[in-house]
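Accompanying notes for the structure given below.
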Amino acid sequence: MEAEKAVLIEAWKICSEGKHKNADQYQKAYEYIEHFKHTSIYLLDIGFEFAFMAESFELGHFGLQLIGDLIKFKWKDIDGNTKNDVKNKLTYLITNLSRKNINSNLVEYPVYFKNTLCLTFLELIKRVWPQNWPTLLNELAEVSKKSVDQKILVFIIYKFIVEEFITNENPNLPAQRRKDITQYLNAHMEYVYGFFLESLEDSFNCIKIETNPSLLKNHISILSSCLSCINNYVDWINISFVFSRNYSLINIIFALFHHKDLCVDAAKCFITILNRKGSVVERKPLSNLFNDELLAQIYVCIKNSLTDSSFKELLKYIILFKFY
């Protein structure tokens with residue numbers, strides 16, 4: 001395996017440099033990698049070894065791509081024990097992403113690595129959930145309790161789930177699989193949305209009193225990721241969830257209009273809520289939101305956008321607000 005791994009790494013390095021340096025070498029390296037993906041018995045072993053390399057994010061990213069390709073194209077060909085091994089190792093990687101390197105320094109993984117990890121995890125979800133993984137939602141909730149990084153990863157996974165199965169309607173996904181997952185997600189939306197809202201409320205309450213800059217930054221990151229995730233749900237879930245807990249989501253959004261780091265995320269989410277389709281009866285509570293208090297807050301946001309450069313991106317979202 002070691003000799004095969006060494007050749008693979010060299011081929012990956014050549015492909016990473018691009019065609020412009022040596023087109024012939026690039027083509028041979030590319031063909032070797034494709035051959036490796038289709039024939040090597042060590043694909044998973046090497047893929048996960050690369051993925052767990054905190055010293056090289058780029059090689060780790062390549063390892064995730066190898067694993068993702070196997071799940072996409074060879075899942076039906078591997079045995080049950082191997083499938084279970086893939087699930088356990090991907091879950092472990094997500095659960096333990098914040099690790100120390102060989103020098104015992106904390107590792108900050110780049111966004112592209114986190115996104116690829118979550119997309120690889122999504123490929124697994126597409127094939128085994130919910131029928132063969134009924135505990136997934138509970139497991140994600142437990143993972144989110146471990147650290148800020150893990151909570152953000154869970155939000156990314158939930159965001160990718162709705163983009164894959166509801167928003168984008170991937171034509172390559174069998175209709176029955178889409179139906180199964182959509183029905184399951186709707187049936188458990190009280191649990192899912194409750195997780196979103198509790199996370200949002202907890203971090204929102206913390207930023208009002210937190211004085212430690214590092215901890216404050218963590219809560220801001222959680223709020224941003226949570227709002228980005230919720231933004232993918234609020235235009236299609238039952239409107240009762242959006243208005244639950246005495247309009248908790250709406251009230252937090254209004255308050256965050258005045259936060260320079262979170263105002264844009266809040267505005268995006270609010271516009272998505274306003275753009276919901278539905279009956280007159282369903283939309284009436286939305287129109288009732290536009291009272292003098294809200295208009296006063298929007299006016300303050302406009303002033304901030306014009307006078308404070310930190311708020312300048314907010315202005316274009318304020319302009320999109322629909323007044324009923």
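Note on naming: chains are A, B, ... as they come in the structure tokens, residues start from 1 per chain, ligands start from 1 in the order shown.
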
Run DSSP on the backbone and give me the residues of range 66-196 of chain A it puts in alpha helix (DSSP H), as a PyMOL selection string.
chain A and resi 66-74+80-95+111-128+136-144+148-162+175-187+189-196

Neighbouring residues of range 284-301 of chain A were defined as those with any atom within 9 Å, considering only C-alpha atoms; residues of the same chain fewer than 5 positions away were excluded. Please report them as a list in words.
Phe243, Ile250, Phe254, Ala255, Phe257, His258, Cys263, Ile273, Leu274, Ser279, Leu306, Phe311, Leu314, Leu315, Ile318, Phe323 and Tyr324 of chain A

Could you save those same residues with N, CA and C atoms as a PDB file, in the first residue's frame?
```
ATOM      1  N   PHE A 243     -43.292  31.227  13.335  1.00  0.00           N
ATOM      2  CA  PHE A 243     -43.897  32.090  14.345  1.00  0.00           C
ATOM      3  C   PHE A 243     -43.903  31.469  15.738  1.00  0.00           C
ATOM      4  N   ILE A 250     -38.262  35.828  14.583  1.00  0.00           N
ATOM      5  CA  ILE A 250     -38.477  37.184  14.058  1.00  0.00           C
ATOM      6  C   ILE A 250     -37.878  38.227  14.989  1.00  0.00           C
ATOM      7  N   PHE A 254     -34.895  40.909  14.077  1.00  0.00           N
ATOM      8  CA  PHE A 254     -35.033  42.369  14.228  1.00  0.00           C
ATOM      9  C   PHE A 254     -33.894  42.933  15.060  1.00  0.00           C
ATOM     10  N   ALA A 255     -33.559  42.236  16.140  1.00  0.00           N
ATOM     11  CA  ALA A 255     -32.490  42.721  17.023  1.00  0.00           C
ATOM     12  C   ALA A 255     -31.138  42.708  16.305  1.00  0.00           C
ATOM     13  N   PHE A 257     -30.576  43.225  13.219  1.00  0.00           N
ATOM     14  CA  PHE A 257     -30.460  44.267  12.197  1.00  0.00           C
ATOM     15  C   PHE A 257     -29.428  45.315  12.611  1.00  0.00           C
ATOM     16  N   HIS A 258     -29.182  45.443  13.909  1.00  0.00           N
ATOM     17  CA  HIS A 258     -28.290  46.479  14.423  1.00  0.00           C
ATOM     18  C   HIS A 258     -26.893  45.944  14.760  1.00  0.00           C
ATOM     19  N   CYS A 263     -25.998  41.594  10.659  1.00  0.00           N
ATOM     20  CA  CYS A 263     -27.169  42.267  10.085  1.00  0.00           C
ATOM     21  C   CYS A 263     -27.524  41.727   8.699  1.00  0.00           C
ATOM     22  N   ILE A 273     -38.335  34.950   4.460  1.00  0.00           N
ATOM     23  CA  ILE A 273     -39.628  34.769   5.124  1.00  0.00           C
ATOM     24  C   ILE A 273     -40.710  35.590   4.424  1.00  0.00           C
ATOM     25  N   LEU A 274     -40.386  36.826   4.077  1.00  0.00           N
ATOM     26  CA  LEU A 274     -41.365  37.699   3.420  1.00  0.00           C
ATOM     27  C   LEU A 274     -41.737  37.186   2.030  1.00  0.00           C
ATOM     28  N   SER A 279     -51.427  31.254   1.278  1.00  0.00           N
ATOM     29  CA  SER A 279     -52.760  31.866   1.251  1.00  0.00           C
ATOM     30  C   SER A 279     -52.760  33.203   1.988  1.00  0.00           C
ATOM     31  N   LEU A 306     -25.725  53.968   5.686  1.00  0.00           N
ATOM     32  CA  LEU A 306     -25.231  55.168   5.010  1.00  0.00           C
ATOM     33  C   LEU A 306     -24.043  55.800   5.713  1.00  0.00           C
ATOM     34  N   PHE A 311     -21.849  48.505   7.724  1.00  0.00           N
ATOM     35  CA  PHE A 311     -23.230  48.152   7.414  1.00  0.00           C
ATOM     36  C   PHE A 311     -23.557  48.323   5.927  1.00  0.00           C
ATOM     37  N   LEU A 314     -25.593  45.849   4.013  1.00  0.00           N
ATOM     38  CA  LEU A 314     -26.977  45.686   4.461  1.00  0.00           C
ATOM     39  C   LEU A 314     -27.941  46.505   3.620  1.00  0.00           C
ATOM     40  N   LEU A 315     -27.481  47.636   3.100  1.00  0.00           N
ATOM     41  CA  LEU A 315     -28.371  48.564   2.402  1.00  0.00           C
ATOM     42  C   LEU A 315     -29.088  47.889   1.238  1.00  0.00           C
ATOM     43  N   ILE A 318     -31.940  45.877   2.557  1.00  0.00           N
ATOM     44  CA  ILE A 318     -33.030  46.712   3.054  1.00  0.00           C
ATOM     45  C   ILE A 318     -33.905  47.176   1.896  1.00  0.00           C
ATOM     46  N   PHE A 323     -42.943  45.878   1.606  1.00  0.00           N
ATOM     47  CA  PHE A 323     -43.822  46.488   2.581  1.00  0.00           C
ATOM     48  C   PHE A 323     -45.260  46.162   2.209  1.00  0.00           C
ATOM     49  N   TYR A 324     -45.977  45.539   3.129  1.00  0.00           N
ATOM     50  CA  TYR A 324     -47.326  45.066   2.837  1.00  0.00           C
ATOM     51  C   TYR A 324     -48.364  46.118   3.239  1.00  0.00           C
TER      52      TYR A 324
END
```

Kindly indicate which residue among A:Gly194, A:Gly278, A:Gly60, A:Pro171 lies nearest to Tyr109 in chain A, using only C-alpha atoms for the distances.
A:Gly60

Separation of CA of Phe165 in chain A from CA of Ser248 in chain A in Å:
26.9 Å

Just want the 9 Å neighbourhood of range 146-154 of chain A, counted on only C-alpha atoms, with same-chain residues fewer than 3 positions away dropped. Output as a PyMOL selection string.
chain A and resi 94-98+114-115+117-118+140-143+157-159+199+218-219+221-222+225-226

Residues from last step as file, N, CA and C atoms, as a PDB file, in the first residue's frame:
```
ATOM      1  N   ILE A  94     -16.022  14.086  11.457  1.00  0.00           N
ATOM      2  CA  ILE A  94     -16.825  15.274  11.754  1.00  0.00           C
ATOM      3  C   ILE A  94     -16.813  15.565  13.247  1.00  0.00           C
ATOM      4  N   THR A  95     -16.908  14.528  14.044  1.00  0.00           N
ATOM      5  CA  THR A  95     -16.958  14.697  15.498  1.00  0.00           C
ATOM      6  C   THR A  95     -15.640  15.196  16.071  1.00  0.00           C
ATOM      7  N   ASN A  96     -14.538  14.885  15.403  1.00  0.00           N
ATOM      8  CA  ASN A  96     -13.208  15.214  15.935  1.00  0.00           C
ATOM      9  C   ASN A  96     -12.413  16.115  14.997  1.00  0.00           C
ATOM     10  N   LEU A  97     -13.104  16.963  14.268  1.00  0.00           N
ATOM     11  CA  LEU A  97     -12.408  17.787  13.280  1.00  0.00           C
ATOM     12  C   LEU A  97     -11.402  18.741  13.919  1.00  0.00           C
ATOM     13  N   SER A  98     -11.733  19.307  15.067  1.00  0.00           N
ATOM     14  CA  SER A  98     -10.806  20.218  15.744  1.00  0.00           C
ATOM     15  C   SER A  98      -9.787  19.389  16.513  1.00  0.00           C
ATOM     16  N   LYS A 114     -14.050  21.916   5.181  1.00  0.00           N
ATOM     17  CA  LYS A 114     -15.281  21.650   5.925  1.00  0.00           C
ATOM     18  C   LYS A 114     -16.447  21.393   4.982  1.00  0.00           C
ATOM     19  N   ASN A 115     -16.549  22.199   3.931  1.00  0.00           N
ATOM     20  CA  ASN A 115     -17.645  22.015   2.970  1.00  0.00           C
ATOM     21  C   ASN A 115     -17.547  20.672   2.262  1.00  0.00           C
ATOM     22  N   LEU A 117     -16.040  17.979   3.373  1.00  0.00           N
ATOM     23  CA  LEU A 117     -16.357  16.947   4.359  1.00  0.00           C
ATOM     24  C   LEU A 117     -17.866  16.780   4.492  1.00  0.00           C
ATOM     25  N   CYS A 118     -18.585  17.894   4.583  1.00  0.00           N
ATOM     26  CA  CYS A 118     -20.045  17.837   4.727  1.00  0.00           C
ATOM     27  C   CYS A 118     -20.714  17.311   3.461  1.00  0.00           C
ATOM     28  N   LEU A 140     -26.483  13.900  15.123  1.00  0.00           N
ATOM     29  CA  LEU A 140     -26.047  15.248  14.745  1.00  0.00           C
ATOM     30  C   LEU A 140     -26.195  16.210  15.922  1.00  0.00           C
ATOM     31  N   ALA A 141     -27.277  16.061  16.663  1.00  0.00           N
ATOM     32  CA  ALA A 141     -27.486  16.921  17.839  1.00  0.00           C
ATOM     33  C   ALA A 141     -26.385  16.703  18.873  1.00  0.00           C
ATOM     34  N   GLU A 142     -25.991  15.441  19.073  1.00  0.00           N
ATOM     35  CA  GLU A 142     -24.925  15.139  20.024  1.00  0.00           C
ATOM     36  C   GLU A 142     -23.582  15.682  19.540  1.00  0.00           C
ATOM     37  N   VAL A 143     -23.312  15.532  18.255  1.00  0.00           N
ATOM     38  CA  VAL A 143     -22.064  16.064  17.685  1.00  0.00           C
ATOM     39  C   VAL A 143     -21.992  17.573  17.893  1.00  0.00           C
ATOM     40  N   ILE A 157     -24.339  20.701   7.274  1.00  0.00           N
ATOM     41  CA  ILE A 157     -24.948  19.455   6.823  1.00  0.00           C
ATOM     42  C   ILE A 157     -26.447  19.635   6.613  1.00  0.00           C
ATOM     43  N   TYR A 158     -27.111  20.268   7.563  1.00  0.00           N
ATOM     44  CA  TYR A 158     -28.556  20.503   7.433  1.00  0.00           C
ATOM     45  C   TYR A 158     -28.850  21.402   6.229  1.00  0.00           C
ATOM     46  N   LYS A 159     -27.996  22.364   6.000  1.00  0.00           N
ATOM     47  CA  LYS A 159     -28.166  23.250   4.844  1.00  0.00           C
ATOM     48  C   LYS A 159     -28.027  22.469   3.545  1.00  0.00           C
ATOM     49  N   SER A 199     -30.389  26.734  19.347  1.00  0.00           N
ATOM     50  CA  SER A 199     -29.012  27.179  19.098  1.00  0.00           C
ATOM     51  C   SER A 199     -28.972  28.689  18.879  1.00  0.00           C
ATOM     52  N   ASN A 218     -17.002  33.271  18.818  1.00  0.00           N
ATOM     53  CA  ASN A 218     -17.587  31.946  18.627  1.00  0.00           C
ATOM     54  C   ASN A 218     -19.104  32.021  18.478  1.00  0.00           C
ATOM     55  N   HIS A 219     -19.723  32.802  19.342  1.00  0.00           N
ATOM     56  CA  HIS A 219     -21.183  32.909  19.291  1.00  0.00           C
ATOM     57  C   HIS A 219     -21.655  33.630  18.028  1.00  0.00           C
ATOM     58  N   SER A 221     -20.119  33.434  15.181  1.00  0.00           N
ATOM     59  CA  SER A 221     -19.970  32.423  14.125  1.00  0.00           C
ATOM     60  C   SER A 221     -21.139  31.447  14.134  1.00  0.00           C
ATOM     61  N   ILE A 222     -21.568  31.041  15.308  1.00  0.00           N
ATOM     62  CA  ILE A 222     -22.712  30.137  15.416  1.00  0.00           C
ATOM     63  C   ILE A 222     -23.968  30.797  14.886  1.00  0.00           C
ATOM     64  N   SER A 225     -23.868  31.022  11.021  1.00  0.00           N
ATOM     65  CA  SER A 225     -24.090  29.718  10.394  1.00  0.00           C
ATOM     66  C   SER A 225     -25.525  29.248  10.576  1.00  0.00           C
ATOM     67  N   CYS A 226     -26.066  29.495  11.756  1.00  0.00           N
ATOM     68  CA  CYS A 226     -27.441  29.079  12.043  1.00  0.00           C
ATOM     69  C   CYS A 226     -28.437  29.844  11.174  1.00  0.00           C
TER      70      CYS A 226
END
```

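Between Leu262 in chain A and the residues A:Gln176, A:Ser228, A:Asn205, A:Asn186, the shortest atom-to-atom distance, using only C-alpha atoms, involves A:Ser228.
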
For range 28-37 of chain A, list every protein, DNA or RNA residue within 7 Å, evaluated using only C-alpha atoms, and leave out those in the same chain fewer than 5 positions away; present the list as a list in words.
Leu8, Ala11, Ile14, Cys15, Leu43 and Leu66 of chain A

Show me a table, sorted first by chain and then by increasing residue number, of the residues of range 177-259 of chain A having an atom at most 12 Å from range 133-136 of chain A, each with its shortest atom pair and the distance in Å to one decimal, counting only C-alpha atoms and written as a tab-separated table.
```
residue	atom	partner	partner_atom	distance
A:Ile181	CA	A:Pro134	CA	11.3
A:Tyr184	CA	A:Pro134	CA	9.8
A:Leu185	CA	A:Leu136	CA	11.4
A:His188	CA	A:Pro134	CA	11.3
A:Val192	CA	A:Leu136	CA	11.4
```

What would the file look like if the residues just selected were written as a CSV table (one decimal), in the first residue's frame with N, CA and C atoms?
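Saved as out-v2.csv:
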```csv
chain,number,residue,atom,x,y,z
A,181,ILE,N,-37.0,11.0,1.9
A,181,ILE,CA,-36.3,11.9,2.8
A,181,ILE,C,-37.1,13.1,3.1
A,184,TYR,N,-39.7,12.3,5.6
A,184,TYR,CA,-39.1,12.1,6.9
A,184,TYR,C,-38.7,13.4,7.6
A,185,LEU,N,-38.1,14.3,6.8
A,185,LEU,CA,-37.7,15.6,7.3
A,185,LEU,C,-38.9,16.4,7.7
A,188,HIS,N,-40.2,15.2,11.1
A,188,HIS,CA,-39.4,15.4,12.2
A,188,HIS,C,-39.0,16.9,12.3
A,192,VAL,N,-36.1,19.2,14.3
A,192,VAL,CA,-35.0,19.9,13.6
A,192,VAL,C,-35.1,21.4,13.8
```

Identify, on the basis of only C-alpha atoms, every residue whose closest approach to Lys13 in chain A does not exceed 10 Å; exclude the query and any residue fewer than 5 positions from it along the same chain; express the result as a VMD selection string.
chain A and resid 7 to 8 18 26 29 58 to 59

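The interatomic distance for the pair CA of Asn232 in chain A and CA of Arg178 in chain A works out to 16.7 Å.
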
I'd like the contact shell of Met189 in chain A - 10 Å cut-off, only C-alpha atoms, skipping same-chain residues fewer than 5 positions apart - returned as a ChimeraX atom specification.
/A:183-184,194-195,233,237-238,241

Quick one: pull the distance between CA of Lys89 in chain A and CA of Thr116 in chain A, Å, one decimal.
15.0 Å
